[in-house]
Each structure stands twice: as C-alpha cells, then as structure tokens.
>>> print(open('target.txt').read())   # compact mmCIF, C-alpha atoms
# COMPACT_ATOMS: atom_id res chain seq x y z
CA MET A 157 -52.37 83.39 -36.16
CA THR A 158 -51.60 79.68 -35.94
CA GLY A 159 -48.11 78.23 -35.68
CA ALA A 160 -48.39 76.96 -39.23
CA GLU A 161 -49.19 80.46 -40.47
CA ALA A 162 -46.36 82.08 -38.49
CA MET A 163 -43.60 79.58 -39.30
CA ASP A 164 -40.18 80.93 -40.22
CA VAL A 165 -38.31 78.41 -42.36
CA GLU A 166 -34.51 78.59 -42.64
CA PHE A 167 -32.51 77.28 -45.61
CA ARG A 168 -28.82 76.40 -45.48
CA SER A 169 -26.24 74.88 -47.80
CA ASP A 170 -23.51 74.12 -45.25
CA VAL A 171 -22.87 71.83 -42.27
CA ASP A 172 -21.65 72.26 -38.69
CA VAL A 173 -18.91 70.03 -37.27
CA GLU A 174 -17.39 70.70 -33.85
CA LEU A 175 -14.91 68.61 -31.88
CA ILE A 176 -16.58 68.41 -28.46
CA LYS A 177 -13.97 66.40 -26.57
CA SER A 178 -10.96 64.25 -27.35
CA ALA A 179 -8.33 61.97 -25.89
CA ALA A 180 -6.19 61.64 -28.99
CA SER A 181 -2.52 62.29 -29.70
CA ASP A 182 0.32 60.78 -31.69
CA ALA A 183 1.81 59.54 -28.41
CA ASP A 184 -1.23 57.27 -27.98
CA VAL A 185 -0.13 55.35 -31.06
CA LEU A 186 3.43 54.97 -29.76
CA TRP A 187 2.76 53.48 -26.35
CA ALA A 188 0.08 51.19 -27.76
CA ALA A 189 2.48 49.91 -30.43
CA ARG A 190 5.50 49.45 -28.19
CA VAL A 191 3.74 47.36 -25.57
CA SER A 192 4.38 44.39 -27.85
CA THR A 193 8.14 44.70 -27.33
CA LYS A 194 8.52 46.76 -24.15
CA GLY A 195 5.63 45.59 -22.01
CA GLU A 196 4.87 47.91 -19.10
CA SER A 197 7.84 50.14 -19.94
CA SER A 198 5.93 51.29 -23.01
CA LEU A 199 4.12 53.69 -20.69
CA GLU A 200 7.23 55.84 -20.80
CA GLU A 201 6.07 56.85 -24.30
CA LEU A 202 3.30 58.89 -22.70
CA LYS A 203 5.87 61.60 -22.00
CA ALA A 204 8.07 61.02 -25.04
CA ASP A 205 8.31 63.40 -27.96
CA PRO A 206 6.25 61.83 -30.78
CA GLU A 207 8.36 63.67 -33.35
CA ARG A 208 11.24 61.31 -32.50
CA SER A 209 9.04 58.39 -33.49
CA ARG A 210 7.69 59.73 -36.77
CA GLY A 211 9.22 56.72 -38.54
CA LEU A 212 7.40 54.22 -36.34
CA ILE A 213 4.04 55.86 -37.00
CA ASN A 214 4.74 55.83 -40.73
CA TYR A 215 5.79 52.17 -40.56
CA LEU A 216 2.59 51.19 -38.77
CA MET A 217 0.53 53.05 -41.34
CA ARG A 218 2.45 51.72 -44.35
CA ASP A 219 2.33 48.06 -43.26
CA ARG A 220 -1.22 48.41 -41.94
CA HIS A 221 -0.62 47.54 -38.31
CA GLY A 222 -3.87 49.18 -37.37
CA THR A 223 -4.67 48.42 -33.74
CA PRO A 224 -2.31 51.05 -32.19
CA PHE A 225 -4.43 53.71 -33.89
CA GLU A 226 -7.50 52.55 -31.98
CA HIS A 227 -6.29 53.87 -28.59
CA SER A 228 -7.76 57.32 -29.00
CA SER A 229 -11.18 58.90 -28.80
CA MET A 230 -12.87 61.88 -30.43
CA THR A 231 -16.45 63.08 -30.08
CA PHE A 232 -17.86 65.36 -32.77
CA TYR A 233 -21.08 67.35 -32.81
CA VAL A 234 -22.51 67.27 -36.32
CA LYS A 235 -25.45 69.24 -37.70
CA ALA A 236 -26.33 68.23 -41.26
CA PRO A 237 -29.26 67.10 -43.41
CA ILE A 238 -30.86 63.79 -42.44
CA PHE A 239 -29.79 62.13 -45.69
CA VAL A 240 -26.16 62.72 -44.67
CA PHE A 241 -26.74 60.91 -41.39
CA ARG A 242 -28.29 57.92 -43.14
CA GLU A 243 -25.06 57.52 -45.11
CA PHE A 244 -22.91 58.30 -42.07
CA MET A 245 -24.48 55.60 -39.93
CA ARG A 246 -23.38 52.88 -42.31
CA HIS A 247 -20.01 53.34 -40.60
CA ARG A 248 -20.66 51.06 -37.65
CA THR A 249 -17.28 51.71 -36.05
CA PHE A 250 -18.66 55.02 -34.71
CA SER A 251 -20.99 55.47 -31.74
CA TYR A 252 -23.97 57.76 -32.40
CA ASN A 253 -26.68 59.63 -30.58
CA GLU A 254 -29.05 61.71 -32.72
CA GLU A 255 -31.81 64.13 -31.77
CA SER A 256 -35.22 62.50 -31.74
CA GLY A 257 -38.30 63.57 -33.66
CA ARG A 258 -40.35 61.52 -31.22
CA TYR A 259 -39.43 63.62 -28.21
CA ARG A 260 -39.02 67.16 -29.52
CA ARG A 261 -40.55 69.40 -32.16
CA LEU A 262 -38.17 69.49 -35.07
CA GLU A 263 -36.96 72.92 -36.13
CA PRO A 264 -37.66 74.21 -39.68
CA VAL A 265 -34.08 74.21 -40.99
CA PHE A 266 -33.66 72.65 -44.44
CA TYR A 267 -30.86 71.98 -46.89
CA VAL A 268 -30.89 73.56 -50.31
CA PRO A 269 -27.89 72.99 -52.64
CA GLY A 270 -25.70 76.04 -53.06
CA PRO A 271 -24.68 77.46 -56.44
CA GLU A 272 -21.37 75.57 -56.34
CA ARG A 273 -23.12 72.17 -56.01
CA LYS A 274 -22.71 70.08 -59.18
CA LEU A 275 -26.15 68.89 -60.27
CA VAL A 276 -25.81 66.61 -63.30
CA GLN A 277 -24.58 63.02 -63.14
CA GLU A 278 -22.89 61.61 -66.24
CA GLY A 279 -21.66 58.07 -66.87
CA LYS A 280 -22.38 54.65 -65.41
CA PRO A 281 -22.26 53.62 -61.74
CA GLY A 282 -18.63 53.28 -60.71
CA LYS A 283 -17.46 55.55 -63.52
CA TYR A 284 -19.79 58.50 -63.27
CA VAL A 285 -18.90 62.13 -62.68
CA PHE A 286 -20.91 65.15 -61.63
CA VAL A 287 -20.83 68.33 -63.67
CA ASP A 288 -22.20 71.82 -63.16
CA GLY A 289 -25.86 72.32 -63.93
CA THR A 290 -27.27 75.13 -66.00
CA PRO A 291 -28.61 78.31 -64.37
CA GLU A 292 -32.10 77.04 -65.16
CA GLN A 293 -31.45 73.76 -63.37
CA HIS A 294 -30.09 75.52 -60.31
CA LYS A 295 -33.12 77.80 -60.26
CA LEU A 296 -35.44 74.81 -60.51
CA VAL A 297 -33.69 72.91 -57.71
CA THR A 298 -33.69 75.92 -55.41
CA GLU A 299 -37.30 76.92 -55.96
CA ALA A 300 -38.71 73.38 -55.94
CA THR A 301 -36.78 72.46 -52.78
CA MET A 302 -37.88 75.55 -50.90
CA GLU A 303 -41.50 75.17 -51.92
CA SER A 304 -41.57 71.49 -50.95
CA CYS A 305 -39.94 72.10 -47.56
CA ARG A 306 -42.28 74.95 -46.66
CA ARG A 307 -45.31 72.88 -47.63
CA SER A 308 -44.18 69.81 -45.69
CA TYR A 309 -43.32 71.77 -42.55
CA ARG A 310 -46.67 73.54 -42.68
CA ALA A 311 -48.39 70.14 -42.77
CA TYR A 312 -46.20 68.98 -39.86
CA LEU A 313 -47.25 71.94 -37.72
CA GLU A 314 -50.90 71.53 -38.61
CA MET A 315 -50.82 67.95 -37.34
CA LEU A 316 -49.04 68.96 -34.13
CA GLU A 317 -51.62 71.69 -33.49
CA ALA A 318 -54.38 69.14 -34.04
CA GLY A 319 -52.91 66.98 -31.27
CA VAL A 320 -51.21 64.39 -33.46
CA ALA A 321 -48.15 62.75 -31.85
CA ARG A 322 -44.76 64.07 -32.94
CA GLU A 323 -43.65 60.61 -34.07
CA VAL A 324 -46.59 60.49 -36.48
CA ALA A 325 -46.52 64.10 -37.65
CA ARG A 326 -42.86 63.88 -38.69
CA THR A 327 -43.84 61.45 -41.44
CA VAL A 328 -44.31 64.32 -43.88
CA LEU A 329 -40.86 65.86 -43.37
CA PRO A 330 -38.19 65.40 -46.07
CA VAL A 331 -34.65 64.04 -45.63
CA GLY A 332 -33.35 67.54 -46.38
CA LEU A 333 -34.32 68.54 -42.83
CA TYR A 334 -31.32 69.25 -40.61
CA SER A 335 -30.68 66.97 -37.65
CA SER A 336 -27.92 66.91 -35.06
CA MET A 337 -25.92 64.15 -33.43
CA TYR A 338 -22.83 63.24 -31.47
CA ALA A 339 -20.46 60.84 -33.22
CA THR A 340 -17.59 59.22 -31.33
CA CYS A 341 -14.74 57.30 -32.91
CA ASN A 342 -11.08 56.41 -32.67
CA ALA A 343 -8.41 57.45 -35.18
CA ARG A 344 -8.50 54.18 -37.09
CA ALA A 345 -12.27 54.37 -37.58
CA LEU A 346 -11.99 58.00 -38.64
CA MET A 347 -9.33 57.17 -41.23
CA ASN A 348 -11.58 54.48 -42.69
CA PHE A 349 -14.41 57.03 -42.87
CA LEU A 350 -12.17 59.62 -44.53
CA SER A 351 -10.82 57.13 -47.06
CA LEU A 352 -14.38 56.45 -48.25
CA ARG A 353 -16.02 59.85 -47.84
CA THR A 354 -13.44 62.20 -49.36
CA LYS A 355 -12.32 62.33 -52.96
CA ARG A 356 -8.59 63.02 -53.40
CA GLU A 357 -6.36 62.62 -56.42
CA ASP A 358 -3.56 61.20 -54.27
CA SER A 359 -5.72 58.42 -52.77
CA LYS A 360 -4.53 54.90 -53.49
CA PHE A 361 -8.12 53.77 -54.00
CA PRO A 362 -10.79 55.93 -55.67
CA SER A 363 -13.80 57.11 -53.73
CA PHE A 364 -17.01 58.71 -54.96
CA PRO A 365 -18.68 60.32 -51.95
CA GLN A 366 -21.80 62.41 -52.10
CA ARG A 367 -20.68 65.99 -51.73
CA GLU A 368 -22.73 66.72 -48.61
CA ILE A 369 -21.14 63.95 -46.52
CA GLU A 370 -17.74 64.92 -47.93
CA MET A 371 -18.32 68.39 -46.46
CA VAL A 372 -18.70 66.78 -43.03
CA ALA A 373 -15.64 64.57 -43.57
CA GLU A 374 -13.48 67.53 -44.56
CA ARG A 375 -14.37 69.39 -41.38
CA MET A 376 -13.69 66.33 -39.23
CA GLU A 377 -10.33 65.73 -40.91
CA GLU A 378 -9.23 69.31 -40.33
CA GLN A 379 -9.89 69.02 -36.60
CA TRP A 380 -8.36 65.55 -36.30
CA ALA A 381 -5.18 66.64 -38.13
CA ALA A 382 -4.58 69.28 -35.47
CA LEU A 383 -4.76 66.61 -32.73
CA MET A 384 -2.59 63.97 -34.41
CA PRO A 385 -0.43 65.71 -37.02
CA LEU A 386 2.11 62.88 -37.45
CA THR A 387 -0.60 60.26 -37.83
CA HIS A 388 -2.46 62.45 -40.31
CA ALA A 389 0.73 63.03 -42.31
CA ALA A 390 1.40 59.28 -42.45
CA PHE A 391 -2.18 58.68 -43.55
CA GLU A 392 -1.73 61.09 -46.47
CA ALA A 393 1.77 59.85 -47.35
CA ASN A 394 0.53 56.28 -47.64
CA GLY A 395 -2.34 56.86 -50.03
CA ARG A 396 -5.06 57.71 -47.50
CA VAL A 397 -5.67 54.03 -46.73
CA ALA A 398 -6.92 53.17 -43.26
CA PRO A 399 -4.45 50.79 -41.50
>>> encode(input="target.txt", output="structure tokens")
Amino acid sequence: MTGAEAMDVEFRSDVDVELIKSAASDADVLWAARVSTKGESSLEELKADPERSRGLINYLMRDRHGTPFEHSSMTFYVKAPIFVFREFMRHRTFSYNEESGRYRRLEPVFYVPGPERKLVQEGKPGKYVFVDGTPEQHKLVTEATMESCRRSYRAYLEMLEAGVAREVARTVLPVGLYSSMYATCNARALMNFLSLRTKREDSKFPSFPQREIEMVAERMEEQWAALMPLTHAAFEANGRVAP
C-alpha cells in the first residue's frame, strides 16, 4: 500500500494558541513611563505595586502615550489554517517564524468550518454582516471541503513518492491546511492586533475580522490579560484602541 493510499486526513474547526514565554507585566509600563520624569530612579518601579499606579496606566492609555507599552515581550505558538497566517502577517509589528513546506512533509490536518460558523455574507463591503447558513449549505461546505482536501493531499503524496521536491509538490495544497508558527510581540503591538481582529460592541472603532483569525486573537487576549491585568483593563475601558 502506498503512502497516498494509506493517508489518514484529520479535520479540525479550532485553533491552538499557547504562550511560550513572556517578559511582560504592568510594572514594565510604569518604569518605562516614569523615566521621563525620574530618570534612573524610575527603576524603583520594578519592585513597586502596579495596583498603586492604576491611574497612570489608564492615563497613558487614554491619552495614547504608547511607547511605555512597548517594553514587554510575549511569544505565542499558533497552529491555525494557512489563510489565517496570511492575514496575521499583515501585522508587521510582530516577529514570525513559520514551519516550512520546503523542508518538511506537511501533515494532513485541514480546517473545516464548524456548525456554529456563519456562512452567508449580506450587505456591501464595510457594512456587511454574516448570518447563519442553512443546513444544506453547511452540509455542502463540509462535504466539499473534505473531499477537496483529501484529493489534494493524495496528489501531494503521489508527487512526493515520485521524487518530486517538497517545495513543488506543495503547490496542490489548499490554504485550509494547518500550519504552525511562533509570533513575538510587545503589548502595544498586541493591542493594535486585538483592536482590528476582534469584534466588540464596546469598541470605539468598528472592526470586521474574519472569524478564524478572531479565534486566534481571543485566545491571545485571554493569555495576555493574565500577564498585564491593569493594562488590559485600561485597554477595555478606553474603547479598545491601541495607544
């Protein structure tokens, strides 16, 4: 039995987001901000209780003094469909490293929209909304996606078994294939990402993210909020606008 005949394709409708490492706290914002008035004595803020300076963090956020929020670092591991990464990498304030289809055989894990995914777009660009599809539409999307992914991965394996280079064989694979990457950012860059890639009623400016990248953003925000709770609270209190 050839590899193409024995392939075991996996379908998912979720994403993985894991905080790998971080150097990020509310105190980082305080000492970075106070160097402008205290100079080297601002280092004393490293051991200060950030709760006592909640007002300063809120002031910086409200008046958009953004640079103190850049003195932090978070690295996330993200596993999601390739089309999510192509949107993600438009955010050039992150640093990225993604797995390579040139150097490894790509695994047969594909995205298929879950039953809760809204399928029908109504309205014009800038004013459109997505609404639930019919059972027939969901059935069509699921079956057509699975069939297409199985067929494309079978063709991919056939080319690999024939000695075709991985970088050529991957041509047939769809953007619904899962990839993985590390993404590193500071708190200011993350807030800009969240302001654009999450849809919230309390946001000062509307955003219309594709649901799949919003799923990634929601997971990242949850983990960031645990690291910098005062900064996250100020971000929400001031309309979710990046400073």
>>> atom_distance(input="target.txt", atom1="CA of Val285 in chain A", atom2="CA of Phe266 in chain A")
25.7 Å
>>> atom_distance(input="target.txt", atom1="CA of Arg261 in chain A", atom2="CA of Val328 in chain A")
13.3 Å
>>> closest_atom_pairs(input="target.txt", of="range 188-287 of chain A", to="range 340-364 of chain A", cutoff="12 Å", atoms="only C-alpha atoms", output="Markdown table")
| residue | atom | partner | partner_atom | distance |
| --- | --- | --- | --- | --- |
| A:Leu216 | CA | A:Arg344 | CA | 11.6 |
| A:Met217 | CA | A:Arg344 | CA | 10.0 |
| A:Arg218 | CA | A:Lys360 | CA | 11.9 |
| A:Arg220 | CA | A:Arg344 | CA | 10.5 |
| A:His221 | CA | A:Arg344 | CA | 10.4 |
| A:Gly222 | CA | A:Arg344 | CA | 6.8 |
| A:Thr223 | CA | A:Arg344 | CA | 7.7 |
| A:Pro224 | CA | A:Arg344 | CA | 8.5 |
| A:Phe225 | CA | A:Arg344 | CA | 5.2 |
| A:Glu226 | CA | A:Asn342 | CA | 5.3 |
| A:His227 | CA | A:Asn342 | CA | 6.8 |
| A:Ser228 | CA | A:Asn342 | CA | 5.0 |
| A:Ser229 | CA | A:Asn342 | CA | 4.6 |
| A:Met230 | CA | A:Thr340 | CA | 5.5 |
| A:Thr231 | CA | A:Thr340 | CA | 4.2 |
| A:Phe232 | CA | A:Thr340 | CA | 6.3 |
| A:Tyr233 | CA | A:Thr340 | CA | 9.0 |
| A:Val234 | CA | A:Thr340 | CA | 10.7 |
| A:Val240 | CA | A:Arg353 | CA | 11.0 |
| A:Glu243 | CA | A:Arg353 | CA | 9.7 |
| A:Phe244 | CA | A:Phe349 | CA | 8.6 |
| A:Met245 | CA | A:Phe349 | CA | 10.6 |
| A:Arg246 | CA | A:Phe349 | CA | 9.9 |
| A:His247 | CA | A:Phe349 | CA | 7.1 |
| A:Arg248 | CA | A:Ala345 | CA | 9.0 |
| A:Thr249 | CA | A:Ala345 | CA | 5.9 |
| A:Phe250 | CA | A:Cys341 | CA | 4.9 |
| A:Ser251 | CA | A:Thr340 | CA | 5.1 |
| A:Tyr252 | CA | A:Thr340 | CA | 6.6 |
| A:Asn253 | CA | A:Thr340 | CA | 9.1 |
| A:Glu254 | CA | A:Thr340 | CA | 11.8 |
| A:Gln277 | CA | A:Phe364 | CA | 11.9 |
| A:Pro281 | CA | A:Phe364 | CA | 10.0 |
| A:Gly282 | CA | A:Phe364 | CA | 8.1 |
| A:Lys283 | CA | A:Phe364 | CA | 9.1 |
| A:Tyr284 | CA | A:Phe364 | CA | 8.8 |
| A:Val285 | CA | A:Phe364 | CA | 8.7 |
| A:Phe286 | CA | A:Phe364 | CA | 10.1 |
>>> closest_residue(input="target.txt", among="A:Ser169, A:Thr290, A:Ser304, A:Thr327", to="Lys274 in chain A", atoms="only C-alpha atoms")
A:Thr290
>>> atom_distance(input="target.txt", atom1="CA of Glu263 in chain A", atom2="CA of Ile369 in chain A")
20.9 Å
>>> residues_around(input="target.txt", residues="Asp182 in chain A", least_positions_apart="6", cutoff="8 Å", atoms="only C-alpha atoms", output="PyMOL selection string")
chain A and resi 206+383-387
>>> closest_residue(input="target.txt", among="A:Leu275, A:Ala393, A:Val320, A:Cys305", to="Gln293 in chain A", atoms="all atoms listed in the file")
A:Leu275
>>> build_atoms(input="target.txt", residues="range 234-260 of chain A", atoms="N, CA and C atoms", output="short mmCIF file (atom, residue, chain, number, x, y, z; two decimals), keeping the file's coordinate frame")
data_model
loop_
_atom_site.label_atom_id
_atom_site.label_comp_id
_atom_site.auth_asym_id
_atom_site.auth_seq_id
_atom_site.Cartn_x
_atom_site.Cartn_y
_atom_site.Cartn_z
N VAL A 234 -22.27 67.07 -34.90
CA VAL A 234 -22.51 67.27 -36.32
C VAL A 234 -23.94 67.72 -36.53
N LYS A 235 -24.12 68.79 -37.29
CA LYS A 235 -25.45 69.24 -37.70
C LYS A 235 -25.45 69.24 -39.22
N ALA A 236 -26.32 68.43 -39.81
CA ALA A 236 -26.33 68.23 -41.26
C ALA A 236 -27.71 67.70 -41.67
N PRO A 237 -27.98 67.66 -42.96
CA PRO A 237 -29.26 67.10 -43.41
C PRO A 237 -29.39 65.61 -43.04
N ILE A 238 -30.61 65.17 -42.84
CA ILE A 238 -30.86 63.79 -42.44
C ILE A 238 -30.28 62.79 -43.43
N PHE A 239 -30.31 63.10 -44.73
CA PHE A 239 -29.79 62.13 -45.69
C PHE A 239 -28.29 61.91 -45.52
N VAL A 240 -27.58 62.90 -44.97
CA VAL A 240 -26.16 62.72 -44.67
C VAL A 240 -25.99 61.71 -43.53
N PHE A 241 -26.85 61.82 -42.52
CA PHE A 241 -26.74 60.91 -41.39
C PHE A 241 -27.05 59.48 -41.79
N ARG A 242 -27.96 59.29 -42.73
CA ARG A 242 -28.29 57.92 -43.14
C ARG A 242 -27.11 57.26 -43.84
N GLU A 243 -26.30 58.05 -44.54
CA GLU A 243 -25.06 57.52 -45.11
C GLU A 243 -24.00 57.34 -44.01
N PHE A 244 -23.92 58.31 -43.13
CA PHE A 244 -22.91 58.30 -42.07
C PHE A 244 -23.05 57.05 -41.20
N MET A 245 -24.26 56.69 -40.88
CA MET A 245 -24.48 55.60 -39.93
C MET A 245 -24.24 54.22 -40.50
N ARG A 246 -23.86 54.14 -41.75
CA ARG A 246 -23.38 52.88 -42.31
C ARG A 246 -21.99 52.55 -41.77
N HIS A 247 -21.33 53.55 -41.19
CA HIS A 247 -20.01 53.34 -40.60
C HIS A 247 -20.21 52.90 -39.16
N ARG A 248 -20.27 51.62 -38.95
CA ARG A 248 -20.66 51.06 -37.65
C ARG A 248 -19.52 51.03 -36.64
N THR A 249 -18.38 51.59 -37.00
CA THR A 249 -17.28 51.71 -36.05
C THR A 249 -17.38 52.99 -35.23
N PHE A 250 -18.38 53.82 -35.50
CA PHE A 250 -18.66 55.02 -34.71
C PHE A 250 -19.77 54.70 -33.70
N SER A 251 -19.84 55.49 -32.65
CA SER A 251 -20.99 55.47 -31.74
C SER A 251 -21.78 56.75 -31.98
N TYR A 252 -23.12 56.63 -32.03
CA TYR A 252 -23.97 57.76 -32.40
C TYR A 252 -25.07 57.99 -31.39
N ASN A 253 -25.42 59.23 -31.21
CA ASN A 253 -26.68 59.63 -30.58
C ASN A 253 -27.23 60.83 -31.34
N GLU A 254 -28.43 60.68 -31.89
CA GLU A 254 -29.05 61.71 -32.72
C GLU A 254 -30.29 62.27 -32.04
N GLU A 255 -30.58 63.54 -32.31
CA GLU A 255 -31.81 64.13 -31.77
C GLU A 255 -33.02 63.35 -32.26
N SER A 256 -34.06 63.34 -31.46
CA SER A 256 -35.22 62.50 -31.74
C SER A 256 -36.45 63.32 -32.12
N GLY A 257 -37.06 62.96 -33.26
CA GLY A 257 -38.30 63.57 -33.66
C GLY A 257 -39.50 63.03 -32.91
N ARG A 258 -39.27 62.03 -32.07
CA ARG A 258 -40.35 61.52 -31.22
C ARG A 258 -40.52 62.37 -29.97
N TYR A 259 -39.43 62.98 -29.51
CA TYR A 259 -39.43 63.62 -28.21
C TYR A 259 -39.33 65.14 -28.26
N ARG A 260 -39.08 65.71 -29.43
CA ARG A 260 -39.02 67.16 -29.52
C ARG A 260 -39.59 67.61 -30.86
#
